[in-house]
Structure formats: C-alpha cells, structure tokens
file structure-v6.cif (mmCIF, C-alpha atoms)
data_target
#
loop_
_atom_site.label_atom_id
_atom_site.label_comp_id
_atom_site.auth_asym_id
_atom_site.auth_seq_id
_atom_site.Cartn_x
_atom_site.Cartn_y
_atom_site.Cartn_z
CA MET K 1 -38.63 82.83 -50.19
CA GLU K 2 -38.66 86.38 -51.53
CA LEU K 3 -34.97 86.10 -52.42
CA LEU K 4 -35.80 83.02 -54.50
CA PHE K 5 -39.09 83.88 -56.13
CA SER K 6 -39.81 87.62 -55.99
CA MET K 7 -40.00 89.36 -59.36
CA ASN K 8 -39.47 92.78 -57.77
CA PRO K 9 -36.40 94.28 -59.51
CA ASP K 10 -34.96 95.57 -56.25
CA VAL K 11 -35.26 92.16 -54.62
CA ARG K 12 -33.82 90.39 -57.65
CA GLU K 13 -30.81 92.70 -57.61
CA LEU K 14 -30.45 92.08 -53.87
CA ALA K 15 -30.57 88.31 -54.34
CA GLU K 16 -28.38 87.99 -57.41
CA SER K 17 -25.64 90.53 -56.75
CA LEU K 18 -24.44 88.83 -53.55
CA ASP K 19 -23.70 85.36 -52.20
CA TRP K 20 -26.11 84.56 -49.35
CA TRP K 21 -25.35 81.98 -46.66
CA ILE K 22 -28.50 81.38 -44.60
CA ILE K 23 -28.77 79.14 -41.52
CA PRO K 24 -32.55 78.98 -40.90
CA VAL K 25 -32.22 77.49 -37.39
CA LEU K 26 -28.96 76.81 -35.56
CA ASN K 27 -30.48 75.31 -32.39
CA VAL K 28 -32.50 72.60 -34.12
CA ASP K 29 -33.06 70.34 -31.08
CA GLY K 30 -34.12 73.28 -28.93
CA PHE K 31 -36.42 74.53 -31.69
CA VAL K 32 -38.21 71.17 -31.90
CA TYR K 33 -38.45 70.94 -28.10
CA SER K 34 -39.98 74.42 -27.92
CA HIS K 35 -42.73 73.25 -30.29
CA GLU K 36 -43.38 69.89 -28.67
CA LYS K 37 -42.73 70.35 -24.94
CA GLU K 38 -41.86 73.80 -23.59
CA ARG K 39 -42.85 76.83 -25.64
CA LEU K 40 -40.19 79.23 -24.35
CA TRP K 41 -37.27 76.79 -24.12
CA ARG K 42 -34.05 78.67 -24.91
CA LYS K 43 -31.06 76.33 -24.80
CA THR K 44 -29.93 73.26 -26.69
CA ARG K 45 -30.96 69.78 -25.52
CA ARG K 46 -27.60 68.14 -24.82
CA PRO K 47 -27.35 67.05 -21.15
CA ALA K 48 -24.72 68.81 -19.07
CA SER K 49 -21.93 66.44 -18.11
CA ASP K 50 -21.77 67.30 -14.41
CA ALA K 51 -25.35 68.16 -13.49
CA GLU K 52 -28.92 66.98 -13.91
CA CYS K 53 -29.57 69.85 -16.27
CA VAL K 54 -29.88 70.17 -20.01
CA GLY K 55 -28.60 72.53 -22.63
CA VAL K 56 -26.33 75.46 -23.42
CA ASP K 57 -27.14 78.95 -24.66
CA LEU K 58 -25.40 78.84 -28.05
CA ASN K 59 -25.05 82.62 -28.18
CA ARG K 60 -22.74 82.42 -25.16
CA ASN K 61 -20.58 79.58 -26.51
CA PHE K 62 -18.56 81.20 -29.30
CA ASN K 63 -14.79 81.45 -28.90
CA PHE K 64 -14.28 85.17 -28.35
CA LYS K 65 -13.91 86.53 -24.80
CA TRP K 66 -15.89 83.45 -23.75
CA GLY K 67 -14.59 83.32 -20.18
CA LEU K 68 -14.92 87.02 -19.44
CA LEU K 69 -18.59 87.08 -18.46
CA LYS K 70 -19.54 83.42 -18.74
CA CYS K 71 -22.43 81.79 -16.90
CA VAL K 72 -21.16 78.69 -15.08
CA ASP K 73 -24.48 77.33 -13.80
CA PRO K 74 -25.56 74.37 -15.99
CA CYS K 75 -29.14 74.79 -14.81
CA SER K 76 -29.34 78.43 -15.88
CA SER K 77 -31.15 79.32 -19.10
CA ILE K 78 -28.04 81.29 -20.13
CA TYR K 79 -25.41 78.64 -19.34
CA SER K 80 -22.30 79.31 -21.44
CA GLY K 81 -21.16 75.70 -21.66
CA PRO K 82 -18.11 73.97 -20.15
CA TYR K 83 -15.66 75.62 -22.58
CA PRO K 84 -15.80 77.78 -25.73
CA GLN K 85 -17.16 76.11 -28.85
CA SER K 86 -18.09 73.06 -26.77
CA GLU K 87 -21.42 72.59 -28.51
CA PRO K 88 -21.72 70.72 -31.82
CA GLU K 89 -23.94 73.41 -33.32
CA VAL K 90 -21.37 76.15 -32.71
CA ASP K 91 -18.50 73.86 -33.67
CA GLN K 92 -20.11 72.89 -36.97
CA LEU K 93 -21.06 76.47 -37.86
CA THR K 94 -17.58 77.81 -37.20
CA LYS K 95 -15.94 74.93 -39.06
CA PHE K 96 -18.29 75.45 -42.00
CA ILE K 97 -17.37 79.13 -42.19
CA ASN K 98 -13.66 78.43 -41.77
CA ASN K 99 -13.53 75.59 -44.30
CA ASN K 100 -16.01 76.66 -46.98
CA ILE K 101 -16.06 80.45 -47.20
CA PRO K 102 -12.89 82.23 -48.34
CA GLU K 103 -11.19 84.26 -45.62
CA ASP K 104 -12.20 87.93 -45.47
CA SER K 105 -14.95 87.44 -48.07
CA ILE K 106 -17.84 87.76 -45.62
CA LYS K 107 -18.81 91.43 -45.45
CA ILE K 108 -22.08 91.23 -43.48
CA TYR K 109 -23.00 88.91 -40.62
CA VAL K 110 -26.46 89.00 -39.04
CA ALA K 111 -27.72 86.87 -36.15
CA LEU K 112 -31.49 87.07 -35.75
CA HIS K 113 -32.86 86.98 -32.20
CA SER K 114 -35.81 88.49 -30.33
CA PRO K 115 -37.59 90.39 -28.78
CA ALA K 116 -35.74 93.69 -28.17
CA GLN K 117 -36.63 95.25 -31.57
CA SER K 118 -33.10 96.51 -32.02
CA VAL K 119 -30.06 96.47 -34.28
CA LEU K 120 -27.11 95.70 -32.00
CA THR K 121 -23.46 96.27 -32.92
CA PRO K 122 -20.43 94.75 -31.20
CA PHE K 123 -19.48 94.54 -28.43
CA THR K 124 -21.51 92.56 -25.91
CA HIS K 125 -18.85 92.17 -23.20
CA THR K 126 -18.12 95.92 -22.82
CA ARG K 127 -19.85 99.26 -23.13
CA VAL K 128 -16.89 100.58 -25.15
CA PRO K 129 -17.88 100.49 -28.84
CA PRO K 130 -15.51 99.23 -31.56
CA LYS K 131 -13.36 101.58 -33.63
CA SER K 132 -15.67 101.24 -36.63
CA TYR K 133 -18.74 102.16 -34.58
CA GLY K 134 -19.55 105.10 -36.87
CA GLU K 135 -19.77 102.86 -39.92
CA LEU K 136 -21.71 100.20 -38.02
CA MET K 137 -24.23 102.77 -36.85
CA TYR K 138 -24.53 104.25 -40.34
CA VAL K 139 -25.55 100.86 -41.72
CA ALA K 140 -27.72 100.00 -38.71
CA ASN K 141 -29.68 103.24 -39.07
CA ALA K 142 -30.03 102.62 -42.81
CA PHE K 143 -31.60 99.26 -42.00
CA ALA K 144 -33.96 100.78 -39.42
CA ASP K 145 -34.94 103.70 -41.67
CA ALA K 146 -35.63 101.43 -44.64
CA LEU K 147 -38.05 99.17 -42.78
CA TYR K 148 -39.88 101.96 -40.95
CA PRO K 149 -42.22 103.23 -43.72
CA ARG K 150 -44.12 99.97 -44.25
CA TYR K 151 -45.73 99.63 -40.78
CA HIS K 152 -44.01 102.42 -38.82
CA THR K 153 -42.03 99.97 -36.70
CA ARG K 154 -39.06 101.69 -35.12
CA TYR K 155 -35.93 99.69 -34.30
CA ASN K 156 -33.41 101.07 -31.81
CA CYS K 157 -29.75 100.98 -32.81
CA GLY K 158 -26.64 100.84 -30.65
CA ASN K 159 -23.93 98.65 -29.23
CA SER K 160 -25.02 95.58 -27.27
CA GLY K 161 -23.12 96.38 -24.11
CA ASN K 162 -25.07 99.62 -23.64
CA MET K 163 -28.48 98.38 -24.76
CA LEU K 164 -28.70 94.92 -23.19
CA LYS K 165 -27.19 93.08 -20.26
CA MET K 166 -23.52 92.39 -20.94
CA PHE K 167 -22.28 88.85 -21.57
CA SER K 168 -19.53 87.14 -23.56
CA GLY K 169 -19.23 84.43 -26.19
CA GLY K 170 -21.76 85.89 -28.63
CA SER K 171 -21.72 85.04 -32.32
CA LYS K 172 -21.60 88.55 -33.77
CA ASP K 173 -18.61 89.51 -31.62
CA TRP K 174 -16.88 86.33 -32.85
CA ALA K 175 -17.72 87.20 -36.47
CA TYR K 176 -16.52 90.78 -36.08
CA SER K 177 -13.35 90.14 -34.07
CA VAL K 178 -12.20 86.67 -35.13
CA LYS K 179 -13.41 86.49 -38.73
CA HIS K 180 -12.97 90.25 -39.31
CA VAL K 181 -16.44 90.72 -40.78
CA PRO K 182 -16.72 94.53 -41.02
CA ILE K 183 -20.51 94.74 -40.64
CA ALA K 184 -21.78 92.39 -37.90
CA TYR K 185 -25.02 92.65 -35.96
CA THR K 186 -27.49 90.95 -33.76
CA ILE K 187 -30.92 91.99 -35.00
CA GLU K 188 -33.53 91.56 -32.30
CA LEU K 189 -36.96 91.07 -33.85
CA PRO K 190 -40.11 92.47 -32.24
CA GLY K 191 -42.03 90.59 -29.59
CA LYS K 192 -45.53 90.74 -28.22
CA GLY K 193 -44.56 93.29 -25.60
CA ARG K 194 -45.14 93.53 -21.89
CA PRO K 195 -47.10 92.65 -19.78
CA SER K 196 -47.66 89.82 -22.25
CA PRO K 197 -44.75 87.35 -22.64
CA PRO K 198 -42.42 89.31 -24.95
CA PHE K 199 -41.13 86.28 -26.86
CA GLU K 200 -44.58 85.21 -28.03
CA LEU K 201 -44.92 87.10 -31.30
CA PRO K 202 -48.54 86.79 -32.52
CA GLU K 203 -48.96 84.55 -35.55
CA ASN K 204 -50.53 87.37 -37.55
CA ALA K 205 -47.33 89.43 -37.11
CA ILE K 206 -44.98 86.89 -38.70
CA LEU K 207 -45.45 87.91 -42.35
CA ARG K 208 -45.51 91.57 -41.37
CA THR K 209 -42.15 91.22 -39.59
CA SER K 210 -40.73 89.27 -42.53
CA ALA K 211 -41.72 91.99 -45.00
CA GLU K 212 -40.05 94.58 -42.79
CA MET K 213 -36.88 92.50 -42.69
CA LEU K 214 -36.68 92.47 -46.46
CA ASP K 215 -37.11 96.25 -46.56
CA GLY K 216 -34.44 96.61 -43.91
CA PHE K 217 -31.95 94.40 -45.71
CA LYS K 218 -32.38 96.44 -48.86
CA GLY K 219 -31.44 99.55 -46.91
CA MET K 220 -28.59 97.78 -45.15
CA ILE K 221 -26.98 96.46 -48.32
CA LYS K 222 -27.33 99.79 -50.07
CA ALA K 223 -25.48 101.45 -47.17
CA VAL K 224 -22.74 98.79 -47.13
CA LYS K 225 -22.22 99.34 -50.87
CA GLU K 226 -21.93 103.08 -50.24
CA LEU K 227 -19.15 102.34 -47.75
CA GLY K 228 -17.36 100.32 -50.41
CA TYR K 229 -17.34 96.95 -48.66
CA ILE K 230 -19.31 95.24 -51.45
#

call {"tool": "encode", "arguments": {"input": "structure-v6.cif", "output": "structure tokens"}}
result
Amino acid sequence: MELLFSMNPDVRELAESLDWWIIPVLNVDGFVYSHEKERLWRKTRRPASDAECVGVDLNRNFNFKWGLLKCVDPCSSIYSGPYPQSEPEVDQLTKFINNNIPEDSIKIYVALHSPAQSVLTPFTHTRVPPKSYGELMYVANAFADALYPRYHTRYNCGNSGNMLKMFSGGSKDWAYSVKHVPIAYTIELPGKGRPSPPFELPENAILRTSAEMLDGFKGMIKAVKELGYI
C-alpha cells in the first residue's frame, strides 16, 4: 500500500524508479486452510497421489537441485513433491516469469518467509556460499541496517546452508541459479519467539514489521544501485 499511496519522496522514488512484481500469496489454498481449519498449516492442499496425505512444501518444489536433499514422505510437513515443479503454484509462477518478464531483467528476487528474522542468501543445499557472496552480503547488511533504527530489530544475515537446516528445491536458489538474478534472498520475518509458537506473530506487530520492511527495502535498493545492477 505504501508503494501505491505514500507521499514520502523516498518511497515515491522507490516505487516509480523500478518495475515491481509482487505475488502477495503463492500458496493460496494453504493460506485459506490455515485461517479456517489449522492455524499452522504449512503445505498446499492438493492430495498426494500415492498416500492418504495432503500437500507439498512449495519452497522445496522448484527445479534447481531438487533431488539432492528432497523429502520423499508425502505425510511430512516438508514434502518436496513427486518431482520438481510438480505443483501448479510453482509451475504457474515459473511460467509467468519465463513468459512475461524479459530474460535477465530481474535484478532482485525476495521470497518472504518466517520466523527466523534473517536475510538468507543462496545456497540452501550447501554450506559453500556462491561466488558473489560478498555482494549479496553487502546488500543484505544494507537491508538489515536500514530497518534497524525504527524499532531496533536486528536481522541476521548469511547463507541459508549455514544458518538453517539444509534442503533443496528452494525458490531463491532457483531464481539465482536458473534465472540468473544477481540479488536473491529469502527474508525470514520475525516471529513471536520461544517458548511461544514462533510462527504466531502477534497482531499488534504486523504494521510494525511492515514499516520495517519498507525501511529495509529502501536500504536494499540503494545498495543494489551502488553496485550498478539497477
């Protein structure tokens, strides 16, 4: 909403100097189910073909290194699917990018998740960082530094394989390696924290987190411009 309606000059410059492609929710069926039936449901809602289980973790279904660390249990909350890009949500997103956005024109890709409060670079399937890790960390730290002053929230920055449990088939690794997007991240938003369920962000923290995101994106885009990508 701020990109559309804010009169702040910095936000207007941010909104109007770039083309933004925003997918508000990729896992629409799972999102609805989490509101109506099971609050912390993670996967999609398509039944597995060979088991009495439902759903695939979309962030393990993209077609890059999919089989390397895949989860083959259809009943697991992190099931990778029967084959890469098997799920209609992933298939439609990748086809949309391939067919509608000129090749090599995407300079920044961000997948928003939670609740690790981190900016995560490629790769997720290995602890070895990519060759452009220095640039990725420069931009990641610019994002984290820009959002910090508002509420003193500190995001950690680093490559996924070292900061979280390794897996394969993630969207940012696909964007970085297949689509050659130079600046690609998973940004893990804050959660409620332990011992409380970490995914249950309090309602009164939603606008606060959103304001921090806008601050962070201003810092991120400034840093990417300094690197000469945009």

call {"tool": "resolve_selection", "arguments": {"input": "structure-v6.cif", "expression": "the PyMOL selection byres ((chain K and resi 111-128) around 9)", "output": "PyMOL selection string"}}
result
chain K and resi 65+68-69+109-110+129-130+133+136-137+140-141+143-144+153-173+176-177+183-193+198-201

call {"tool": "closest_residue", "arguments": {"input": "structure-v6.cif", "among": "K:Ala223, K:Ile230, K:Ile97, K:Ala211", "to": "Glu2 (chain K)", "atoms": "all atoms listed in the file"}}
result
K:Ala211

call {"tool": "residues_around", "arguments": {"input": "structure-v6.cif", "residues": "Asp57 (chain K)", "least_positions_apart": "2", "cutoff": "9 Å", "atoms": "only C-alpha atoms", "output": "JSON list (two decimals) with C-alpha atoms, keeping the file's coordinate frame"}}
result
[["chain", "number", "residue", "atom", "x", "y", "z"],
["K", 42, "ARG", "CA", -34.05, 78.67, -24.91],
["K", 43, "LYS", "CA", -31.06, 76.33, -24.80],
["K", 44, "THR", "CA", -29.93, 73.26, -26.69],
["K", 55, "GLY", "CA", -28.60, 72.53, -22.63],
["K", 59, "ASN", "CA", -25.05, 82.62, -28.18],
["K", 60, "ARG", "CA", -22.74, 82.42, -25.16],
["K", 61, "ASN", "CA", -20.58, 79.58, -26.51],
["K", 77, "SER", "CA", -31.15, 79.32, -19.10],
["K", 78, "ILE", "CA", -28.04, 81.29, -20.13],
["K", 79, "TYR", "CA", -25.41, 78.64, -19.34],
["K", 80, "SER", "CA", -22.30, 79.31, -21.44],
["K", 81, "GLY", "CA", -21.16, 75.70, -21.66]]

call {"tool": "atom_distance", "arguments": {"input": "structure-v6.cif", "atom1": "CA of Thr209 (chain K)", "atom2": "CA of Val181 (chain K)"}}
result
25.7 Å

call {"tool": "closest_residue", "arguments": {"input": "structure-v6.cif", "among": "K:Ile101, K:Ser49, K:Leu227, K:Leu14", "to": "Gly134 (chain K)", "atoms": "all atoms listed in the file"}}
result
K:Leu227

call {"tool": "atom_distance", "arguments": {"input": "structure-v6.cif", "atom1": "CA of Pro88 (chain K)", "atom2": "CA of Asp104 (chain K)"}}
result
23.9 Å

call {"tool": "residues_near_point", "arguments": {"input": "structure-v6.cif", "point": "(-27.1, 69.9, -11.1)", "cutoff": "9 Å", "atoms": "all atoms listed in the file", "output": "MDAnalysis selection string"}}
result
chainID K and resid 48 50:53 73:75

call {"tool": "closest_residue", "arguments": {"input": "structure-v6.cif", "among": "K:Trp20, K:Phe96, K:Tyr138, K:Phe62", "to": "Trp174 (chain K)", "atoms": "only C-alpha atoms"}}
result
K:Phe62

call {"tool": "resolve_selection", "arguments": {"input": "structure-v6.cif", "expression": "the PyMOL selection byres ((chain K and resi 221) around 9)", "output": "JSON, numbers by chain"}}
result
{"K": [14, 108, 139, 142, 143, 216, 217, 218, 219, 220, 222, 223, 224, 225, 226, 230]}

call {"tool": "atom_distance", "arguments": {"input": "structure-v6.cif", "atom1": "CA of Glu16 (chain K)", "atom2": "CA of Ala175 (chain K)"}}
result
23.5 Å

call {"tool": "axis_aligned_box", "arguments": {"input": "structure-v6.cif", "around": "region 45-51 of chain K", "padding_each_side": "5 Å", "output": "JSON"}}
result
{"center_x": -26.4, "center_y": 68.1, "center_z": -19.5, "size_x": 19.2, "size_y": 13.3, "size_z": 22.0}

call {"tool": "closest_residue", "arguments": {"input": "structure-v6.cif", "among": "K:Lys70, K:Lys131, K:Met213, K:Met7", "to": "Asp145 (chain K)", "atoms": "all atoms listed in the file"}}
result
K:Met213

call {"tool": "decode", "arguments": {"input": "structure-v6.cif", "residues": "region 79-114 of chain K", "atoms": "N, CA, C and O atoms", "output": "tab-separated table (two decimals), in the first residue's frame"}}
result
chain	number	residue	atom	x	y	z
K	79	TYR	N	7.34	-32.13	2.68
K	79	TYR	CA	7.36	-32.99	1.49
K	79	TYR	C	7.68	-32.17	0.25
K	79	TYR	O	7.09	-31.12	0.00
K	80	SER	N	8.64	-32.66	-0.55
K	80	SER	CA	9.14	-31.92	-1.70
K	80	SER	C	8.32	-32.12	-2.97
K	80	SER	O	8.57	-31.44	-3.97
K	81	GLY	N	7.36	-33.03	-2.92
K	81	GLY	CA	6.57	-33.32	-4.11
K	81	GLY	C	7.12	-34.51	-4.87
K	81	GLY	O	8.24	-34.96	-4.63
K	82	PRO	N	6.35	-35.04	-5.82
K	82	PRO	CA	6.79	-36.24	-6.56
K	82	PRO	C	7.89	-35.96	-7.57
K	82	PRO	O	8.63	-36.87	-7.95
K	83	TYR	N	7.99	-34.73	-8.05
K	83	TYR	CA	9.04	-34.35	-8.99
K	83	TYR	C	9.14	-32.82	-8.99
K	83	TYR	O	8.23	-32.13	-8.50
K	84	PRO	N	10.22	-32.25	-9.51
K	84	PRO	CA	10.38	-30.79	-9.46
K	84	PRO	C	9.32	-30.08	-10.28
K	84	PRO	O	8.94	-30.53	-11.36
K	85	GLN	N	8.84	-28.97	-9.74
K	85	GLN	CA	7.81	-28.15	-10.40
K	85	GLN	C	6.54	-28.95	-10.66
K	85	GLN	O	5.83	-28.73	-11.63
K	86	SER	N	6.25	-29.89	-9.75
K	86	SER	CA	5.05	-30.71	-9.88
K	86	SER	C	3.79	-29.95	-9.50
K	86	SER	O	2.68	-30.30	-9.94
K	87	GLU	N	3.93	-28.90	-8.70
K	87	GLU	CA	2.76	-28.23	-8.14
K	87	GLU	C	2.31	-27.07	-9.02
K	87	GLU	O	3.15	-26.32	-9.54
K	88	PRO	N	1.01	-26.90	-9.19
K	88	PRO	CA	0.52	-25.85	-10.10
K	88	PRO	C	0.96	-24.45	-9.69
K	88	PRO	O	1.18	-23.60	-10.56
K	89	GLU	N	1.11	-24.22	-8.40
K	89	GLU	CA	1.53	-22.89	-7.95
K	89	GLU	C	2.94	-22.57	-8.42
K	89	GLU	O	3.22	-21.48	-8.93
K	90	VAL	N	3.85	-23.53	-8.26
K	90	VAL	CA	5.24	-23.35	-8.70
K	90	VAL	C	5.29	-23.30	-10.22
K	90	VAL	O	6.01	-22.47	-10.82
K	91	ASP	N	4.54	-24.17	-10.87
K	91	ASP	CA	4.53	-24.21	-12.32
K	91	ASP	C	4.04	-22.89	-12.91
K	91	ASP	O	4.63	-22.36	-13.86
K	92	GLN	N	2.97	-22.35	-12.35
K	92	GLN	CA	2.42	-21.10	-12.87
K	92	GLN	C	3.35	-19.92	-12.61
K	92	GLN	O	3.51	-19.03	-13.46
K	93	LEU	N	3.98	-19.90	-11.44
K	93	LEU	CA	4.91	-18.80	-11.13
K	93	LEU	C	6.09	-18.82	-12.09
K	93	LEU	O	6.47	-17.79	-12.65
K	94	THR	N	6.69	-19.99	-12.27
K	94	THR	CA	7.86	-20.07	-13.14
K	94	THR	C	7.49	-19.77	-14.59
K	94	THR	O	8.25	-19.10	-15.31
K	95	LYS	N	6.34	-20.24	-15.03
K	95	LYS	CA	5.90	-19.93	-16.40
K	95	LYS	C	5.62	-18.44	-16.56
K	95	LYS	O	5.93	-17.85	-17.61
K	96	PHE	N	5.04	-17.83	-15.53
K	96	PHE	CA	4.78	-16.39	-15.61
K	96	PHE	C	6.08	-15.62	-15.76
K	96	PHE	O	6.20	-14.71	-16.59
K	97	ILE	N	7.07	-15.97	-14.95
K	97	ILE	CA	8.37	-15.29	-15.03
K	97	ILE	C	9.01	-15.54	-16.39
K	97	ILE	O	9.50	-14.61	-17.05
K	98	ASN	N	8.98	-16.78	-16.84
K	98	ASN	CA	9.63	-17.12	-18.11
K	98	ASN	C	8.96	-16.45	-19.31
K	98	ASN	O	9.63	-16.06	-20.27
K	99	ASN	N	7.63	-16.32	-19.26
K	99	ASN	CA	6.89	-15.87	-20.43
K	99	ASN	C	6.56	-14.39	-20.44
K	99	ASN	O	6.21	-13.84	-21.49
K	100	ASN	N	6.67	-13.72	-19.29
K	100	ASN	CA	6.20	-12.34	-19.21
K	100	ASN	C	7.26	-11.32	-18.82
K	100	ASN	O	7.06	-10.12	-19.01
K	101	ILE	N	8.37	-11.78	-18.27
K	101	ILE	CA	9.41	-10.86	-17.82
K	101	ILE	C	10.66	-11.11	-18.66
K	101	ILE	O	11.15	-12.24	-18.71
K	102	PRO	N	11.17	-10.09	-19.33
K	102	PRO	CA	12.32	-10.29	-20.21
K	102	PRO	C	13.50	-10.94	-19.48
K	102	PRO	O	13.79	-10.64	-18.32
K	103	GLU	N	14.16	-11.84	-20.17
K	103	GLU	CA	15.29	-12.57	-19.60
K	103	GLU	C	16.37	-11.61	-19.11
K	103	GLU	O	16.69	-10.61	-19.77
K	104	ASP	N	16.90	-11.89	-17.94
K	104	ASP	CA	17.98	-11.13	-17.31
K	104	ASP	C	17.57	-9.73	-16.87
K	104	ASP	O	18.43	-8.90	-16.53
K	105	SER	N	16.26	-9.44	-16.87
K	105	SER	CA	15.83	-8.10	-16.44
K	105	SER	C	15.50	-8.04	-14.94
K	105	SER	O	15.42	-6.96	-14.38
K	106	ILE	N	15.31	-9.19	-14.32
K	106	ILE	CA	15.06	-9.21	-12.87
K	106	ILE	C	16.39	-9.07	-12.16
K	106	ILE	O	17.30	-9.88	-12.35
K	107	LYS	N	16.51	-8.05	-11.32
K	107	LYS	CA	17.77	-7.80	-10.61
K	107	LYS	C	17.70	-8.16	-9.13
K	107	LYS	O	18.73	-8.38	-8.50
K	108	ILE	N	16.48	-8.18	-8.58
K	108	ILE	CA	16.29	-8.54	-7.17
K	108	ILE	C	15.13	-9.51	-7.06
K	108	ILE	O	14.06	-9.28	-7.65
K	109	TYR	N	15.33	-10.59	-6.32
K	109	TYR	CA	14.26	-11.54	-6.03
K	109	TYR	C	14.22	-11.75	-4.53
K	109	TYR	O	15.25	-12.05	-3.90
K	110	VAL	N	13.04	-11.59	-3.94
K	110	VAL	CA	12.88	-11.77	-2.50
K	110	VAL	C	11.70	-12.69	-2.24
K	110	VAL	O	10.59	-12.44	-2.73
K	111	ALA	N	11.93	-13.73	-1.48
K	111	ALA	CA	10.86	-14.61	-1.00
K	111	ALA	C	10.69	-14.37	0.49
K	111	ALA	O	11.65	-14.53	1.26
K	112	LEU	N	9.50	-13.96	0.90
K	112	LEU	CA	9.24	-13.67	2.31
K	112	LEU	C	8.73	-14.91	3.02
K	112	LEU	O	7.76	-15.54	2.59
K	113	HIS	N	9.40	-15.24	4.12
K	113	HIS	CA	9.02	-16.38	4.96
K	113	HIS	C	9.06	-15.90	6.41
K	113	HIS	O	9.16	-14.71	6.70
K	114	SER	N	8.99	-16.84	7.33
K	114	SER	CA	9.15	-16.56	8.76
K	114	SER	C	9.49	-17.87	9.47
K	114	SER	O	9.30	-18.94	8.88
